[in-house]
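Input: a single structure, listed below in structure tokens.
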Amino acid sequence: MRLSTWHKVAAGLSSASLSLLVIGAVVCRSATALSEAADRLERSHRIFEGLETALSETNNLEAARLGYITAGQRRFLESYYAAIKNLDQQIPGLRKLTADNPSQQRRLDTLAASIGAQVALAGELLDLHRRKGHEAVAQALRAAEAEGPIGDIRKNIEAMKSSEHDSVTGSQGKLTTTAQQIVLVTVGGLSLVFLLFSLSGFLISRELIVPVRKLLEDTRRRGAGSFQDSPRVQAADQIGELAATFNRLTEDLQASRTQFAVLTSVLDTLGTGVILADENGKLLALNRAAVQTFGSGQTQTTASEWEKRCAWYLPDGVTACPRNELPPARALRGEAMDAVETFLRHPEAPEGKWVSVTARPLEHPDTRLHGALLVLSDIAEYKNTAKALRHSMHLLRIILETLPVAVWVTNNEGSIIMKNKAAEGIWPGAEYPGIDQFGEYKACWRSTGKSMDAHEWPLAHALTHGEALVGEVLDIECLDGTRKTIVDSAVPIWDNSRQIVGAIVVHEDITELRREEEKVKRLNEELKRRAIEVDAVNKELEAFSHSVSHDLRAPLRGIDGFSRALLEDYAGKLDAQGQDYLQRVCAASGRMSRLIDDLLELARVTRTEIRRTQVDMSALAQTIAAELKKHSPERQVEFVITPGMVVEADPQLLRIVLENLLGNAFKFTQKQPRAAIEMGLAQDQGKTVYFVRDNGVGFDMTYAGKLFGAFQRLHAVTEFEGTGVGLASVQRIIQRHGGTVSAQGAVGRGATFYFTLT
Amino acid sequence: MNSKLILLVEDNPDDEALTLRAFRKNNVLNEVVVARDGAEALDFFFGTGAFAGRDTSILPELVLLDLKLPKMNGLEVLRRLRAYPPTKLLPVVILTTSKEEQDVIEGYILGCNSYVRKPVDFSQFTEAMRQLGLYWLVLNESPPVQGAI
């Protein structure tokens with residue numbers, strides 16, 4: 001069986017104590033013995049003293065006797081008597097002192113008897129001296145001495161002394177032995193005790209102090225927060241238990257620390273600031289976000305410094321928060337605050353920041369902790385979002401109010417939560433308290449004229465079936481009896497979980513529009529009718545043109561043909577005048593034929609569809625100029641045509657325009673010895689204006705208005721031939737191209753024709 | 001040369017007279033048969049109506065076809081001639097007063113060989129006839145006669 005340290009130490013200490021007790025007892029007893037021995041020695045000493053006194057008195061006795069015998073004086077006798085008396089007086093003392101020593105008592109008895117005999121003798125001698133004088137006495141003394149009493153006394157005393165000396169010697173030996181015993185016991189015992197104490201001390205040191213010291217060191221280290229390279233404290237027994245407990249506590253502490261570290265890192269990773277303050281407002285803990293919010297200078301502050309370091313403002317962002325209303329103060333007072341918007345400003349955030357503060361008083365029964373917990377969220381983004389939202393809402397409001405259509409937003413029960421001004425205009429006084437009440441609003445389908453049930457409203461559809469109905473045309477009767485035609489659209493609003501949370505209804509009042517539409521419809525029908533008429537007229541015109549080109553020409557050919565036949569076959573039978581008349585008939589028919597051709601041309605440019613392509617007008621003009629010059633090689637005409645005039649136009653029609661304009665210029669410059677014809681372009685008010693200029697006969701601006709009319713001529717046929725249709729065709733073509741044409745000139749100073757194309 | 005027959009489809013007696021005069025003046029001495037409307041022109045080829053009993057195997061060397069004709073217009077006559085195998089390849093020159101683009105296009109689509117507008121001026125008209133006769137009766141090689149053989 002293994003003894004525990006405690007048992008060992010207890011056993012050691014008990015043994016040591018017992019040893020001490022034994023040593024004490026032994027020493028005590030030895031001391032008693034010593035004391036007794038000392039008493040005896042003392043007594044022996046006194047006995048020696050008494051005996052020495054007795055011896056001295058004996059000597060005195062002897063001296064007195066001898067003196068008396070010699071001198072015979074009474075004084076010796078008296079000294080003798082005094083000595084024997086003194087001697088006798090020693091006897092009781094000695095008897096007492098030697099009461100425990102029978103042999104001494106016996107010797108004392110003998111002595112006492114001897115002394116007693118001497119005392120009696122001395123008395124007799126004194127008396128004898130007085131009576132008989134000195135001789136008698138001296139004789140008696142000698143006689144007595146013969147018997148040797150004093151020597152006996154002396155012998156007895158010496159015997160007692162010797163006996164006492166032996167006794168003293170024995171006592172002294174005993175005393176020495178006892179003292180040696182004491183020393184031995186004491187030294188041995190104490191050594192043993194020392195040994196036991198040392199052993200216990202060693203045990204205590206090894207089993208108790210070392211582990212305790214290690215525990216202490218570990219405790220200090222743990223206290224300092226170090227959990228590394230610390231081996232477990234190993235010890236047995238209670239200390240072992242203590243160590244185990246300590247280790248367990250250490251593990252717990254380490255676990256707690258780990259938890260705390262985890263908690264701290266979790267707190268630090270939080271975007272939300274967390275602050276823990278004690279009952280005095282001193283900060284116990286604050287995470288990184290809180291440091292960011294409050295600034296690093298805030299970490300070690302106390303309650304009184306909270307408002308010094310940092311300015312708190314009420315949710316309006318302007319009014320300073322009263323001291324006793326500060327979130328920490330309120331929380332410390334035991335009040336809870338939930339997500340109160342606060343504006344903070346401190347040296348590290350001079351521009352200030354918006355935070356949402358949640359404060360709680362801290363009461364934890366387990367920890368006896370009293371204080372405050374503050375949770376701070378940076379709501380700058382939220383504020384920005386809120387601002388953006390307000391802006392969006394404002395925009396939405398403006399848009400809604402600006403919209404010419406009525407807009408309602410309802411909740412999922414059909415109750416209006418938002419509407420615009422136009423909505424009030426279409427349905428004055430409409431409240432839409434819910435789907436059930438939709439029946440109060442009268443309407444019928446425009447397409448069928450059937451009256452509409454409450455559940456048929458697009459809004460009801462949107463809310464109950466989640467279907468969007470768009471563009472339903474309804475005739476409604478407002479609450480005040482007004483009748484309107486509206487276009488009703490309703491779309492459901494879904495939330496993220498695909499639940500219908502409301503609907504948007506849009507009503508467009510098309511009453512006026514419908515009226516306009518009907519008017520337009522009527523106009524359109526009228527227009528269609530007219531178009532058909534125009535179409536018919538056009539067809540007639542076409543037939544007419546056809547007839548003209550065919551039927552009018554045939555007789556002309558007859559007139560011309562037979563006139564010429566007459567001229568050829570019957571020339572001899574006609575005089576000069578007759579032949580002249582026939583020549584005129586031919587000329588007239590020729591002019592009429594040209595007229596017909598020009599008329600047909602005019603009709604054609606009016607009717608043909610325009611096909612625009614890119615046309616190099618400069619090249620076209622050059623071609624026409626070349627043709628003109630070829631036809632009249634005898635004429636001196638200079639054409640100056642600006643190159644690169646490219647336009648978007650119908651090439652056939654543009655050719656007619658240029659043929660007419662250039663042809664006119666050519667024609668009306670025929671009397672110029674040096675004709676100059678220029679074609680170019682100019683910019684006028686951002687538009688490109690093309691022109692054809694000649695230095696011909698020109699015209700009187702008074703008649704400029706007549707230039708472009710059909711069959712209008714400003715010159716006599718005899719002077720310049722022509723039908724008066726060419727410029728009319730030009731105008732028609734330019735107009736059909738979306739352009740304008742104009743002319744400028746003066747008589748004898750040439751003419752300029754301007755035209756634009758779009 | 002007399003064997004080469006010309007069919008003139010012309011309703012206007014003035015034009016007929018002028019055409020014939022022009023041929024004569026230009027020494028075009030071929031026999032000219034005149035049909036005065038569209039139906040009559042077809043009668044000539046089918047040997048019906050006014051031309052009943054005619055030897056339809058004899059085909060003209062050239063058809064001068066006016067467009068504006070009573071009863072059946074020239075384009076319809078042309079269409080029928082082109083649908084009828086013996087006259088499918090027959091040289092047909094449209095000789096008309098009309099200058100309408102539509103008529104010209106239609107004429108060529110239906111397979112006319114030439115489109116000539118009658119000039120109002122008589123001398124020009126005579127010249128045109130002269131050139132026609134020279135070209136179609138002298139220069140041009142006619143297609144071999146089919147069907148009728």
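Residue numbering restarts at 1 in every chain; chains get A, B, ... in the order shown in the structure tokens, and ligands count up from 1 in that same order.
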Which polymer residues have any atom within 7 Å of an atom of Asn73 (chain B), counting only C-alpha atoms, with same-chain residues fewer than 5 positions away left out, as an mmCIF file with C-alpha atoms, in the first residue's frame?
data_model
loop_
_atom_site.group_PDB
_atom_site.id
_atom_site.type_symbol
_atom_site.label_atom_id
_atom_site.label_comp_id
_atom_site.auth_asym_id
_atom_site.auth_seq_id
_atom_site.Cartn_x
_atom_site.Cartn_y
_atom_site.Cartn_z
ATOM 1 C CA GLY B 38 -59.340 43.534 -135.536
ATOM 2 C CA LEU B 67 -53.599 49.452 -132.204
ATOM 3 C CA LYS B 68 -56.754 51.466 -131.905
#
Could the residues of chain B that have an atom at most 8 Å from chain A be listed as JSON lines, each with its closest atom pair and the distance in Å to one decimal, counting only C-alpha atoms and ordered by chain and ascending residue number?
{"residue": "B:Asp14", "atom": "CA", "partner": "A:Gly558", "partner_atom": "CA", "distance": 5.8}
{"residue": "B:Asp15", "atom": "CA", "partner": "A:Gly558", "partner_atom": "CA", "distance": 6.7}
{"residue": "B:Leu18", "atom": "CA", "partner": "A:Gly561", "partner_atom": "CA", "distance": 6.7}
{"residue": "B:Lys68", "atom": "CA", "partner": "A:His550", "partner_atom": "CA", "distance": 7.7}
{"residue": "B:Thr96", "atom": "CA", "partner": "A:His550", "partner_atom": "CA", "distance": 7.7}
{"residue": "B:Thr97", "atom": "CA", "partner": "A:His550", "partner_atom": "CA", "distance": 4.9}
{"residue": "B:Ser98", "atom": "CA", "partner": "A:His550", "partner_atom": "CA", "distance": 4.8}
{"residue": "B:Lys99", "atom": "CA", "partner": "A:Ser549", "partner_atom": "CA", "distance": 6.9}
{"residue": "B:Glu100", "atom": "CA", "partner": "A:His546", "partner_atom": "CA", "distance": 7.0}
{"residue": "B:Pro119", "atom": "CA", "partner": "A:Arg557", "partner_atom": "CA", "distance": 7.4}
{"residue": "B:Val120", "atom": "CA", "partner": "A:Arg557", "partner_atom": "CA", "distance": 4.4}
{"residue": "B:Asp121", "atom": "CA", "partner": "A:Asp560", "partner_atom": "CA", "distance": 6.2}
{"residue": "B:Phe122", "atom": "CA", "partner": "A:Gly561", "partner_atom": "CA", "distance": 4.6}
{"residue": "B:Ser123", "atom": "CA", "partner": "A:Gly561", "partner_atom": "CA", "distance": 7.8}
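Candidate residues A:Thr176, A:Leu707, A:Tyr581, A:Arg257 were compared for distance to Ala31 (chain A), and the nearest is A:Thr176, using only C-alpha atoms.
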> In chain B, what's alpha helix (DSSP H) per DSSP? Answer as a ChimeraX atom specification?
Replying inline: /B:13-25,38-46,74-83,101-110,122-133
> Using only C-alpha atoms, which of B:Val138, B:Leu78, B:Met129, B:Leu89 sits nearest Ile109 (chain B)?
Replying inline: B:Leu78
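CA of Asp152 (chain A) lies 15.9 Å from CA of Gln105 (chain A).
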> What residues in region 370-613 of chain A get the DSSP label strand (DSSP E or B)? Please answer as a PyMOL selection string.
Replying inline: chain A and resi 370-378+406-411+416-419+442-445+451+469-477+483-494+500-509+613
> Contacts of Phe45 (chain B) at 10 Å or less, counting only C-alpha atoms, minus same-chain residues fewer than 5 places along, as a VMD selection string?
Replying inline: chain B and resid 40 51 to 52 54 to 60 81 84 86 to 87
Output the selection as a short mmCIF file (atom, residue, chain, number, x, y, z; two decimals), in the first residue's frame - C-alpha atoms for each residue.
data_model
loop_
_atom_site.label_atom_id
_atom_site.label_comp_id
_atom_site.auth_asym_id
_atom_site.auth_seq_id
_atom_site.Cartn_x
_atom_site.Cartn_y
_atom_site.Cartn_z
CA GLU B 40 -61.44 41.30 -139.99
CA PHE B 51 -62.23 36.51 -146.19
CA ALA B 52 -64.27 33.31 -146.29
CA ARG B 54 -59.45 32.48 -148.92
CA ASP B 55 -56.48 30.20 -149.14
CA THR B 56 -55.22 30.51 -145.60
CA SER B 57 -51.96 28.82 -146.50
CA ILE B 58 -50.93 32.09 -148.12
CA LEU B 59 -49.51 34.23 -145.37
CA PRO B 60 -48.50 37.87 -145.68
CA LEU B 81 -51.78 35.74 -133.87
CA TYR B 84 -52.00 30.61 -133.49
CA PRO B 86 -49.08 29.35 -138.36
CA THR B 87 -48.74 33.04 -137.43
#
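CA of Asp100 (chain A) lies 17.3 Å from CA of Lys174 (chain A).
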